[in-house]
Every structure is written in structure tokens, then in C-alpha cells.
>>> print(open('my_file_0.json').read())   # JSON, C-alpha atoms
[["chain", "number", "residue", "atom", "x", "y", "z"],
["A", 224, "MET", "CA", 0.00, 0.00, 0.00],
["A", 225, "ALA", "CA", 1.24, 3.48, -0.90],
["A", 226, "THR", "CA", 2.15, 5.47, 2.20],
["A", 227, "TYR", "CA", 1.38, 9.03, 1.10],
["A", 228, "ARG", "CA", -0.83, 8.77, -1.98],
["A", 229, "ASN", "CA", -3.70, 10.51, -0.21],
["A", 230, "LYS", "CA", -1.57, 13.20, 1.46],
["A", 231, "LEU", "CA", 1.78, 14.12, -0.09],
["A", 232, "PRO", "CA", 4.05, 15.46, 2.69],
["A", 233, "GLN", "CA", 5.97, 17.76, 0.34],
["A", 234, "LEU", "CA", 2.82, 19.86, -0.12],
["A", 235, "SER", "CA", 3.74, 21.51, 3.18],
["A", 236, "THR", "CA", 6.00, 24.55, 3.37],
["A", 237, "SER", "CA", 8.91, 22.46, 4.69],
["A", 238, "LEU", "CA", 12.06, 22.15, 2.60],
["A", 239, "PHE", "CA", 12.39, 18.88, 0.69],
["A", 240, "MET", "CA", 15.40, 17.82, -1.32],
["A", 241, "THR", "CA", 15.40, 15.47, -4.28],
["A", 242, "ASP", "CA", 18.30, 14.08, -6.29],
["A", 243, "GLY", "CA", 20.32, 15.63, -9.11],
["A", 244, "GLY", "CA", 21.17, 14.57, -12.63],
["A", 245, "ILE", "CA", 21.00, 10.82, -12.17],
["A", 246, "GLU", "CA", 21.84, 9.83, -15.74],
["A", 247, "THR", "CA", 24.73, 12.26, -16.23],
["A", 248, "ASP", "CA", 26.11, 11.41, -12.78],
["A", 249, "LEU", "CA", 25.96, 7.67, -13.40],
["A", 250, "ILE", "CA", 27.50, 7.93, -16.87],
["A", 251, "PHE", "CA", 30.21, 10.56, -16.38],
["A", 252, "ASN", "CA", 31.05, 10.24, -12.69],
["A", 253, "LYS", "CA", 30.37, 6.58, -11.98],
["A", 254, "GLY", "CA", 31.29, 5.00, -15.31],
["A", 255, "GLN", "CA", 27.94, 3.29, -15.91],
["A", 256, "ASP", "CA", 26.74, 2.32, -19.38],
["A", 257, "LEU", "CA", 23.12, 3.42, -19.68],
["A", 258, "PRO", "CA", 21.56, 2.37, -22.99],
["A", 259, "GLU", "CA", 19.52, 5.25, -24.40],
["A", 260, "PHE", "CA", 20.02, 7.15, -21.10],
["A", 261, "ALA", "CA", 17.99, 4.49, -19.26],
["A", 262, "ALA", "CA", 18.99, 4.29, -15.60],
["A", 263, "PHE", "CA", 16.29, 1.69, -14.91],
["A", 264, "ASP", "CA", 18.38, -0.83, -16.86],
["A", 265, "LEU", "CA", 20.60, -1.10, -13.76],
["A", 266, "LEU", "CA", 17.70, -2.71, -11.89],
["A", 267, "LYS", "CA", 18.16, -5.97, -13.77],
["A", 268, "HIS", "CA", 21.17, -7.12, -11.72],
["A", 269, "LYS", "CA", 22.41, -6.98, -8.13],
["A", 270, "ASP", "CA", 25.42, -4.74, -8.79],
["A", 271, "GLY", "CA", 23.25, -2.25, -10.64],
["A", 272, "LYS", "CA", 20.78, -2.07, -7.78],
["A", 273, "GLN", "CA", 23.63, -1.43, -5.37],
["A", 274, "THR", "CA", 24.95, 1.34, -7.63],
["A", 275, "LEU", "CA", 21.54, 3.00, -7.57],
["A", 276, "LYS", "CA", 21.22, 2.66, -3.80],
["A", 277, "SER", "CA", 24.64, 4.24, -3.29],
["A", 278, "TYR", "CA", 23.66, 7.07, -5.63],
["A", 279, "TYR", "CA", 20.52, 7.90, -3.65],
["A", 280, "LYS", "CA", 22.23, 7.49, -0.27],
["A", 281, "ASP", "CA", 24.68, 10.29, -1.11],
["A", 282, "TYR", "CA", 21.71, 12.66, -1.31],
["A", 283, "LEU", "CA", 19.74, 11.22, 1.59],
["A", 284, "VAL", "CA", 22.64, 11.70, 4.01],
["A", 285, "ILE", "CA", 22.88, 15.37, 3.03],
["A", 286, "ALA", "CA", 19.12, 15.90, 3.09],
["A", 287, "LYS", "CA", 18.64, 14.33, 6.50],
["A", 288, "ASP", "CA", 21.14, 16.80, 7.93],
["A", 289, "LYS", "CA", 19.82, 19.88, 6.15],
["A", 290, "CYS", "CA", 16.17, 19.39, 5.11],
["A", 291, "ASN", "CA", 12.79, 18.25, 6.38],
["A", 292, "GLY", "CA", 12.25, 15.48, 3.84],
["A", 293, "PHE", "CA", 13.31, 13.92, 0.58],
["A", 294, "VAL", "CA", 11.44, 13.08, -2.62],
["A", 295, "LEU", "CA", 12.73, 9.72, -3.88],
["A", 296, "GLU", "CA", 12.40, 9.77, -7.66],
["A", 297, "ALA", "CA", 12.50, 6.34, -9.32],
["A", 298, "PRO", "CA", 15.05, 5.84, -12.13],
["A", 299, "THR", "CA", 12.23, 5.26, -14.62],
["A", 300, "TYR", "CA", 12.57, 8.29, -16.92],
["A", 301, "ARG", "CA", 12.98, 6.00, -19.93],
["A", 302, "ALA", "CA", 10.57, 3.28, -18.76],
["A", 303, "ASN", "CA", 7.79, 4.05, -21.22],
["A", 304, "PRO", "CA", 6.76, 1.84, -24.17],
["A", 305, "ASP", "CA", 8.83, 3.19, -27.08],
["A", 306, "TRP", "CA", 12.03, 3.43, -25.07],
["A", 307, "ILE", "CA", 11.90, 0.04, -23.33],
["A", 308, "ILE", "CA", 11.33, -1.69, -26.67],
["A", 309, "LYS", "CA", 14.23, 0.24, -28.20],
["A", 310, "ILE", "CA", 16.47, -0.95, -25.37],
["A", 311, "GLY", "CA", 15.40, -4.57, -25.74],
["A", 312, "TYR", "CA", 12.63, -5.05, -23.18],
["A", 313, "ALA", "CA", 9.09, -6.21, -23.88],
["A", 314, "LEU", "CA", 5.93, -4.26, -23.11],
["A", 315, "ASN", "CA", 4.91, -6.82, -20.51],
["A", 316, "ASP", "CA", 8.10, -5.98, -18.59],
["A", 317, "LEU", "CA", 6.66, -2.60, -17.57],
["A", 318, "GLN", "CA", 5.01, -3.79, -14.37],
["A", 319, "ALA", "CA", 8.07, -5.71, -13.18],
["A", 320, "ILE", "CA", 10.35, -2.72, -13.88],
["A", 321, "HIS", "CA", 8.18, -0.41, -11.80],
["A", 322, "HIS", "CA", 7.71, -2.88, -8.97],
["A", 323, "THR", "CA", 11.46, -3.42, -8.76],
["A", 324, "ALA", "CA", 12.17, 0.31, -8.84],
["A", 325, "THR", "CA", 9.62, 1.03, -6.11],
["A", 326, "GLU", "CA", 10.85, -1.80, -3.89],
["A", 327, "LEU", "CA", 14.41, -0.46, -4.11],
["A", 328, "LEU", "CA", 13.23, 2.98, -3.01],
["A", 329, "GLU", "CA", 11.10, 1.49, -0.23],
["A", 330, "ASP", "CA", 14.24, -0.17, 1.16],
["A", 331, "LEU", "CA", 15.94, 3.22, 1.23],
["A", 332, "ARG", "CA", 12.93, 4.82, 2.87],
["A", 333, "LYS", "CA", 13.00, 2.22, 5.67],
["A", 334, "ASP", "CA", 16.62, 3.13, 6.37],
["A", 335, "PHE", "CA", 16.24, 6.91, 6.39],
["A", 336, "GLU", "CA", 12.68, 7.98, 7.17],
["A", 337, "THR", "CA", 11.68, 9.23, 10.63],
["A", 338, "ASP", "CA", 8.64, 11.03, 12.02],
["A", 339, "ASN", "CA", 10.38, 14.33, 11.26],
["A", 340, "PHE", "CA", 11.89, 13.34, 7.92],
["A", 341, "LYS", "CA", 9.30, 12.16, 5.40],
["A", 342, "ILE", "CA", 10.22, 10.40, 2.16],
["A", 343, "PRO", "CA", 7.52, 10.20, -0.54],
["A", 344, "ILE", "CA", 8.24, 7.99, -3.56],
["A", 345, "SER", "CA", 7.63, 9.13, -7.14],
["A", 346, "ILE", "CA", 7.62, 7.24, -10.41],
["A", 347, "CYS", "CA", 9.47, 9.37, -12.96],
["A", 348, "ILE", "CA", 7.86, 9.61, -16.40],
["A", 349, "GLY", "CA", 9.85, 10.97, -19.31],
["A", 350, "PRO", "CA", 8.58, 12.22, -22.68],
["A", 351, "ARG", "CA", 7.83, 9.84, -25.52],
["A", 352, "GLY", "CA", 10.32, 11.61, -27.74],
["A", 353, "ASP", "CA", 13.38, 13.80, -27.24],
["A", 354, "GLY", "CA", 13.47, 15.80, -24.02],
["A", 355, "TYR", "CA", 14.99, 18.84, -25.69],
["A", 356, "VAL", "CA", 13.09, 18.96, -28.99],
["A", 357, "PRO", "CA", 9.36, 18.32, -29.44],
["A", 358, "SER", "CA", 9.19, 15.07, -31.40],
["A", 359, "LYS", "CA", 6.75, 12.20, -31.89],
["A", 360, "ILE", "CA", 4.10, 14.85, -31.36],
["A", 361, "MET", "CA", 0.80, 13.57, -29.97],
["A", 362, "ASN", "CA", -2.53, 15.19, -29.36],
["A", 363, "ILE", "CA", -3.96, 15.07, -25.82],
["A", 364, "LYS", "CA", -5.84, 11.81, -26.29],
["A", 365, "GLU", "CA", -2.90, 10.09, -27.97],
["A", 366, "ALA", "CA", -0.63, 11.20, -25.12],
["A", 367, "GLU", "CA", -3.09, 9.89, -22.55],
["A", 368, "VAL", "CA", -3.27, 6.51, -24.27],
["A", 369, "TYR", "CA", 0.49, 6.31, -24.74],
["A", 370, "HIS", "CA", 1.43, 7.12, -21.14],
["A", 371, "THR", "CA", -1.38, 5.07, -19.60],
["A", 372, "SER", "CA", 0.69, 1.87, -19.63],
["A", 373, "GLN", "CA", 3.43, 3.37, -17.45],
["A", 374, "ILE", "CA", 1.03, 5.25, -15.21],
["A", 375, "LYS", "CA", -1.11, 2.15, -14.73],
["A", 376, "ALA", "CA", 2.02, 0.19, -13.79],
["A", 377, "ALA", "CA", 2.96, 2.94, -11.33],
["A", 378, "SER", "CA", -0.51, 2.94, -9.77],
["A", 379, "ASN", "CA", -0.13, -0.79, -9.09],
["A", 380, "THR", "CA", 3.02, -0.22, -7.01],
["A", 381, "ASN", "CA", 3.50, 1.39, -3.60],
["A", 382, "ALA", "CA", 4.69, 4.63, -5.20],
["A", 383, "ASP", "CA", 2.95, 7.72, -3.83],
["A", 384, "PHE", "CA", 2.69, 9.71, -7.06],
["A", 385, "VAL", "CA", 4.01, 10.10, -10.60],
["A", 386, "SER", "CA", 6.07, 12.95, -12.06],
["A", 387, "GLY", "CA", 6.28, 13.89, -15.73],
["A", 388, "PHE", "CA", 9.69, 15.39, -16.43],
["A", 389, "THR", "CA", 11.35, 17.38, -19.25],
["A", 390, "LEU", "CA", 8.01, 17.97, -20.95],
["A", 391, "ASN", "CA", 8.38, 20.33, -23.86],
["A", 392, "TYR", "CA", 4.87, 20.67, -25.30],
["A", 393, "ASN", "CA", 1.61, 20.88, -23.42],
["A", 394, "ASP", "CA", -0.57, 18.25, -25.10],
["A", 395, "GLU", "CA", 1.75, 15.53, -23.79],
["A", 396, "ALA", "CA", 1.66, 17.02, -20.30],
["A", 397, "ILE", "CA", -2.14, 17.21, -20.33],
["A", 398, "GLY", "CA", -2.33, 13.60, -21.52],
["A", 399, "ILE", "CA", -0.15, 12.50, -18.60],
["A", 400, "VAL", "CA", -2.39, 14.36, -16.14],
["A", 401, "ASN", "CA", -5.55, 12.84, -17.63],
["A", 402, "ALA", "CA", -4.11, 9.31, -17.45],
["A", 403, "SER", "CA", -3.03, 9.89, -13.84],
["A", 404, "LYS", "CA", -6.49, 11.10, -12.89],
["A", 405, "LYS", "CA", -8.11, 8.01, -14.42],
["A", 406, "HIS", "CA", -5.81, 5.78, -12.38],
["A", 407, "ASN", "CA", -6.35, 7.80, -9.21],
["A", 408, "ILE", "CA", -2.72, 8.67, -8.56],
["A", 409, "PRO", "CA", -1.36, 12.17, -7.83],
["A", 410, "VAL", "CA", 0.76, 13.75, -10.56],
["A", 411, "VAL", "CA", 3.42, 16.43, -10.79],
["A", 412, "ILE", "CA", 4.30, 18.13, -14.08],
["A", 413, "SER", "CA", 7.80, 19.45, -14.75],
["A", 414, "TYR", "CA", 8.45, 21.51, -17.87],
["A", 415, "THR", "CA", 11.74, 22.25, -19.53],
["A", 416, "VAL", "CA", 12.37, 25.62, -21.14],
["A", 417, "GLU", "CA", 14.76, 27.16, -23.62],
["A", 418, "THR", "CA", 17.10, 30.09, -22.93],
["A", 419, "ASP", "CA", 14.18, 32.51, -23.51],
["A", 420, "GLY", "CA", 12.10, 30.90, -20.76],
["A", 421, "ASN", "CA", 9.56, 29.43, -23.18],
["A", 422, "LEU", "CA", 8.87, 25.74, -23.72],
["A", 423, "PRO", "CA", 10.72, 24.27, -26.73],
["A", 424, "SER", "CA", 7.32, 24.27, -28.47],
["A", 425, "GLY", "CA", 7.36, 28.08, -28.22],
["A", 426, "GLN", "CA", 4.54, 28.27, -25.67],
["A", 427, "SER", "CA", 5.14, 30.47, -22.66],
["A", 428, "LEU", "CA", 5.53, 28.76, -19.30],
["A", 429, "LYS", "CA", 2.72, 30.91, -17.93],
["A", 430, "ASP", "CA", 0.31, 29.85, -20.64],
["A", 431, "ALA", "CA", 1.32, 26.20, -20.32],
["A", 432, "ILE", "CA", 0.57, 26.11, -16.59],
["A", 433, "LEU", "CA", -2.65, 28.11, -16.79],
["A", 434, "SER", "CA", -4.05, 26.17, -19.75],
["A", 435, "LEU", "CA", -3.16, 22.77, -18.28],
["A", 436, "ASP", "CA", -4.80, 23.65, -14.97],
["A", 437, "LYS", "CA", -7.91, 24.90, -16.77],
["A", 438, "MET", "CA", -8.25, 21.78, -18.90],
["A", 439, "THR", "CA", -7.63, 19.34, -16.02],
["A", 440, "ASN", "CA", -9.48, 21.08, -13.17],
["A", 441, "ASN", "CA", -6.23, 21.72, -11.29],
["A", 442, "TYR", "CA", -5.59, 17.99, -10.81],
["A", 443, "THR", "CA", -1.80, 18.48, -10.88],
["A", 444, "SER", "CA", -0.42, 18.57, -7.34],
["A", 445, "TYR", "CA", 2.18, 21.18, -8.31],
["A", 446, "PHE", "CA", 4.52, 22.14, -11.13],
["A", 447, "MET", "CA", 8.29, 22.07, -11.48],
["A", 448, "ILE", "CA", 10.93, 23.27, -13.92],
["A", 449, "ASN", "CA", 13.80, 20.97, -14.87],
["A", 450, "CYS", "CA", 16.65, 20.61, -17.35],
["A", 451, "ALA", "CA", 17.31, 24.34, -17.72],
["A", 452, "HIS", "CA", 19.61, 26.74, -15.92],
["A", 453, "PRO", "CA", 17.93, 29.37, -13.68],
["A", 454, "GLU", "CA", 19.32, 32.14, -15.88],
["A", 455, "HIS", "CA", 17.09, 30.82, -18.66],
["A", 456, "PHE", "CA", 13.83, 31.43, -16.81],
["A", 457, "LYS", "CA", 14.37, 33.84, -13.89],
["A", 458, "ASN", "CA", 13.38, 36.84, -15.99],
["A", 459, "ILE", "CA", 9.94, 35.49, -16.89],
["A", 460, "LEU", "CA", 8.82, 35.02, -13.27],
["A", 461, "ASN", "CA", 6.55, 37.72, -11.91],
["A", 462, "THR", "CA", 5.75, 37.52, -8.21],
["A", 463, "GLU", "CA", 2.53, 39.46, -8.76],
["A", 464, "GLU", "CA", 1.06, 36.76, -11.01],
["A", 465, "SER", "CA", -0.71, 33.86, -9.32],
["A", 466, "TRP", "CA", 0.54, 31.17, -11.72],
["A", 467, "THR", "CA", 4.01, 31.35, -10.18],
["A", 468, "LYS", "CA", 2.54, 30.02, -6.93],
["A", 469, "ARG", "CA", 1.88, 26.71, -8.69],
["A", 470, "ILE", "CA", 5.64, 26.13, -9.13],
["A", 471, "LYS", "CA", 6.90, 24.25, -6.10],
["A", 472, "GLY", "CA", 10.07, 22.55, -7.33],
["A", 473, "ILE", "CA", 13.21, 23.30, -9.33],
["A", 474, "ARG", "CA", 15.65, 20.77, -10.79],
["A", 475, "ALA", "CA", 18.04, 22.97, -12.74],
["A", 476, "ASN", "CA", 20.95, 22.09, -14.98],
["A", 477, "ALA", "CA", 24.43, 22.90, -13.76],
["A", 478, "SER", "CA", 25.33, 24.32, -17.16],
["A", 479, "LYS", "CA", 24.22, 27.61, -18.66],
["A", 480, "LYS", "CA", 24.42, 26.08, -22.14],
["A", 481, "SER", "CA", 21.36, 25.82, -24.35],
["A", 482, "HIS", "CA", 19.79, 22.45, -25.07],
["A", 483, "ALA", "CA", 21.36, 22.47, -28.54],
["A", 484, "GLU", "CA", 24.81, 23.14, -27.07],
["A", 485, "LEU", "CA", 24.39, 20.40, -24.46],
["A", 486, "ASP", "CA", 23.38, 17.94, -27.18],
["A", 487, "GLU", "CA", 26.66, 18.58, -28.96],
["A", 488, "SER", "CA", 28.83, 18.43, -25.83],
["A", 489, "GLU", "CA", 30.97, 15.34, -25.25],
["A", 490, "THR", "CA", 32.05, 16.36, -21.75],
["A", 491, "LEU", "CA", 30.12, 17.04, -18.57],
["A", 492, "ASP", "CA", 29.63, 20.70, -17.69],
["A", 493, "ILE", "CA", 29.28, 20.89, -13.89],
["A", 494, "GLY", "CA", 28.93, 24.68, -13.94],
["A", 495, "ASN", "CA", 29.70, 26.81, -10.90],
["A", 496, "LYS", "CA", 28.16, 25.38, -7.72],
["A", 497, "GLU", "CA", 28.27, 28.61, -5.75],
["A", 498, "GLU", "CA", 26.67, 30.61, -8.54],
["A", 499, "LEU", "CA", 23.99, 27.96, -8.99],
["A", 500, "ALA", "CA", 23.26, 28.05, -5.26],
["A", 501, "LYS", "CA", 22.84, 31.82, -5.42],
["A", 502, "ASP", "CA", 20.47, 31.40, -8.36],
["A", 503, "TYR", "CA", 18.33, 29.01, -6.31],
["A", 504, "CYS", "CA", 18.18, 31.54, -3.50],
["A", 505, "ASP", "CA", 17.13, 34.21, -5.99],
["A", 506, "LEU", "CA", 14.38, 31.90, -7.23],
["A", 507, "LYS", "CA", 13.04, 31.62, -3.69],
["A", 508, "THR", "CA", 12.25, 35.32, -3.79],
["A", 509, "LEU", "CA", 10.47, 34.91, -7.14],
["A", 510, "LEU", "CA", 8.56, 31.69, -6.40],
["A", 511, "PRO", "CA", 6.71, 32.06, -3.09],
["A", 512, "ASN", "CA", 5.91, 28.33, -2.79],
["A", 513, "LEU", "CA", 9.28, 26.95, -3.84],
["A", 514, "SER", "CA", 10.23, 24.24, -1.33],
["A", 515, "ILE", "CA", 11.52, 21.27, -3.35],
["A", 516, "ILE", "CA", 15.08, 21.56, -4.61],
["A", 517, "GLY", "CA", 17.03, 19.15, -6.78],
["A", 518, "GLY", "CA", 19.19, 19.12, -9.85],
["A", 519, "CYS", "CA", 19.29, 17.91, -13.42],
["A", 520, "CYS", "CA", 22.03, 17.44, -16.03],
["A", 521, "GLY", "CA", 25.54, 17.97, -14.69],
["A", 522, "THR", "CA", 24.57, 18.17, -11.02],
["A", 523, "ASP", "CA", 25.48, 15.71, -8.28],
["A", 524, "SER", "CA", 25.10, 15.54, -4.51],
["A", 525, "THR", "CA", 27.78, 18.20, -3.94],
["A", 526, "HIS", "CA", 25.72, 20.72, -5.91],
["A", 527, "LEU", "CA", 22.72, 20.06, -3.68],
["A", 528, "ALA", "CA", 24.81, 20.35, -0.52],
["A", 529, "THR", "CA", 26.02, 23.77, -1.67],
["A", 530, "ILE", "CA", 22.50, 24.87, -2.58],
["A", 531, "CYS", "CA", 21.14, 23.81, 0.82],
["A", 532, "ASP", "CA", 23.91, 25.62, 2.67],
["A", 533, "SER", "CA", 23.13, 28.85, 0.82],
["A", 534, "TRP", "CA", 19.39, 28.36, 1.17],
["A", 535, "PHE", "CA", 19.49, 28.33, 4.95],
["A", 536, "LYS", "CA", 21.67, 31.41, 5.08],
["A", 537, "ILE", "CA", 18.82, 33.48, 3.64],
["A", 538, "ASN", "CA", 15.90, 31.69, 5.32]]
>>> encode(input="my_file_0.json", output="C-alpha cells")
Amino acid sequence: MATYRNKLPQLSTSLFMTDGGIETDLIFNKGQDLPEFAAFDLLKHKDGKQTLKSYYKDYLVIAKDKCNGFVLEAPTYRANPDWIIKIGYALNDLQAIHHTATELLEDLRKDFETDNFKIPISICIGPRGDGYVPSKIMNIKEAEVYHTSQIKAASNTNADFVSGFTLNYNDEAIGIVNASKKHNIPVVISYTVETDGNLPSGQSLKDAILSLDKMTNNYTSYFMINCAHPEHFKNILNTEESWTKRIKGIRANASKKSHAELDESETLDIGNKEELAKDYCDLKTLLPNLSIIGGCCGTDSTHLATICDSWFKIN
């Protein structure tokens, strides 16, 4: 039985941490071979599971010292139908993949959770196509049908909610929300943006959030921004506009490079940790409900430790 599906603890005002750029960390820092960027592939053997546990523990140790809770995000970004088939899995492997991922995170929760340190578990859902460029474009109904298989699998685990990440056009995001609602599981939507602060589709972040909420009766628990540097979207945030209150989490890239530049890069850009930490603190003044902090491409646990240290200096 899911522990927090009916009451997500991170909806409070307390500070929750989540992890950083799992795929880039595992590939560049830990020497793991991830086919098609699929971290869930490590779940198929004992050593891979241990690698994943060690990865999460690095963050949990920091979070338990500095934060009020931790959002454990399953390594299932690529565990949707097109990608698992491309990697060599079968569609009927979906349920087993998500059960195994959730069980691994439940083991970690048993080791770290206390009455004063809550750990909700999320199933991570990635886009059907490329995270940086809108591709394999679907309408809302097609997106709902496509993502239903993963969301249904997630709903049959002990995960508390699902999170759609690096979403770059709104019909796919709306489809994910609709599928989540049908399977009675909470959902979080995280958009990525270009250097101008707009979604790669060209839609403004403001319009994406407002239109999704309108079309789904505000079913989304909260919104996030991921896979973009704060400099790419700070200027579009207006504290006087209510839509910014719907953004509760940030998982920024370490690098200031554009998506196109990152695609062409053969090395890991870890950015400047102190500058990134300052950017997160600046975002706190622009996003009144920001209370979930993590990272994306190029970040690791040391980035989050630096961010947390700076965060508490201003709060």
C-alpha cells in the first residue's frame, strides 16, 4: 500500500530535497553504461541495484542533515513503451520494472525515514520523444493513451505519485495528467524551457501552466521546472502573477548552455556550484511556494549540498 498517496508530505511549506542529474552522474562520474540514457536498466542485476542505492544514499545523508524530507524519484525516466522496446525489453516488462524500482526505493525509505523526515516515492515519467526537442508529437488523447501503460504500472506499485519530467509541449503534459487522474494517482508536471524561458514548443511557461490547470481542473499537485539553468527562466517570473505560486520545485541544470549546445557536448559541464546556489536563493524570492530543490544534467550531490547551505543562510 502506498504510504502518502492521499496526502503528499511535500505539499507543506517544509524544505524537501530530491536528487540531481541521475543519468549524467551515473554515466560521467560513476562510469555506468546506460543504454539510451535508461537508468532503470541497472535494476536488472544486483550490482546495478547497489549502484543505484549508493547514488541515492549520497543525497539522503545530506538531506537528512539539512532538510525536512526527501522526494525519492524512481530511475524510470525511460521506462515508457517506445524506449523500453528500443532498449530490448518487452511491453509486458513494464510492471516488473516499476515494482522493482519502487521496492528499491522502499528499502531506502525504511533506512532513512523518521517522524520528522518524510520520504515520498515518485515514479518518474519521461517524454515519448526527445526531451529537448518536441518530437513524436501527440494530441492530448494520444498522449493519454500512450502514457497510460506506465502510469497504470505505477498505480499498481506502492509509489505515492508520478512525475512527468522534461516535458516540452503541453498536449503531452495534459495527456499525462488525464491518465493519472483516471488511475487515481497524484501527478506532478515538470516543464523544460529554452534560454528565452519558453517551452521548446514556443509556448510560454505561464500559458502552459494556466491552460493545463484549466483543462484538467487543477488535478496536478504542483509544477516544477527541470533541465534548464535558472538564468534561462528567472526573468519570466513575476511575483505578482498567481501562476508562479503553482511552481513548487526546481531541478536545474548545472550548465548555462542551451539544449542544442548540451546535445553537442561530449564532456560534462558541472557549472559553478556557488553561482547555482545563489540562483536558487534568488528563485526563492520569485517563487513564493518553492520548497523542493534538486538538480538535473551535470549536477550531483555536492551541488545540492552547496544549494542547501546557501538556502538556509537566507531563510
>>> atom_distance(input="my_file_0.json", atom1="CA of Val385 (chain A)", atom2="CA of Ser403 (chain A)")
7.8 Å
>>> closest_residue(input="my_file_0.json", among="A:Asp242, A:Glu259, A:Asp316, A:Asp264", to="Ser345 (chain A)", atoms="only C-alpha atoms")
A:Asp242
>>> residues_around(input="my_file_0.json", residues="Gly349 (chain A)", least_positions_apart="6", cutoff="7 Å", atoms="all atoms listed in the file", output="PyMOL selection string")
chain A and resi 300-301+387-389
>>> atom_distance(input="my_file_0.json", atom1="CA of His322 (chain A)", atom2="CA of Ala286 (chain A)")
25.1 Å
>>> closest_residue(input="my_file_0.json", among="A:Lys272, A:His526, A:Arg469, A:His455", to="Glu326 (chain A)", atoms="all atoms listed in the file")
A:Lys272
>>> atom_distance(input="my_file_0.json", atom1="CA of Asn393 (chain A)", atom2="CA of Asp430 (chain A)")
9.5 Å
>>> closest_residue(input="my_file_0.json", among="A:Ala324, A:Ile493, A:Leu510, A:Met438", to="Lys457 (chain A)", atoms="only C-alpha atoms")
A:Leu510
>>> residues_near_point(input="my_file_0.json", point="(9.3, 10.5, -15.0)", cutoff="12 Å", atoms="all atoms listed in the file", output="PyMOL selection string")
chain A and resi 261-263+295-303+321+344-351+354+370+373-374+377+384-390+396+399+410-414+449
>>> residues_around(input="my_file_0.json", residues="Pro453 (chain A)", least_positions_apart="4", cutoff="10 Å", atoms="only C-alpha atoms", output="PyMOL selection string")
chain A and resi 418+420+448-449+457-458+473-479+499+501-503+505-506
>>> residues_around(input="my_file_0.json", residues="Ser488 (chain A)", least_positions_apart="6", cutoff="12 Å", atoms="all atoms listed in the file", output="count of residues only")
6
>>> residues_around(input="my_file_0.json", residues="Tyr227 (chain A)", least_positions_apart="5", cutoff="12 Å", atoms="all atoms listed in the file", output="number ranges by chain")
A: 232-234, 294, 341-345, 381-384, 408-409
>>> closest_residue(input="my_file_0.json", among="A:Pro357, A:Gly271, A:Pro511, A:Gly517", to="Glu463 (chain A)", atoms="all atoms listed in the file")
A:Pro511
>>> closest_residue(input="my_file_0.json", among="A:Arg332, A:Lys289, A:Lys230, A:Lys359", to="Ile516 (chain A)", atoms="only C-alpha atoms")
A:Lys289
>>> closest_residue(input="my_file_0.json", among="A:Trp466, A:Phe340, A:Tyr279, A:Tyr355", to="Asn441 (chain A)", atoms="all atoms listed in the file")
A:Trp466
>>> residues_around(input="my_file_0.json", residues="Tyr392 (chain A)", least_positions_apart="3", cutoff="9 Å", atoms="all atoms listed in the file", output="ChimeraX atom specification")
/A:357,360,395-396,414,422-426,431
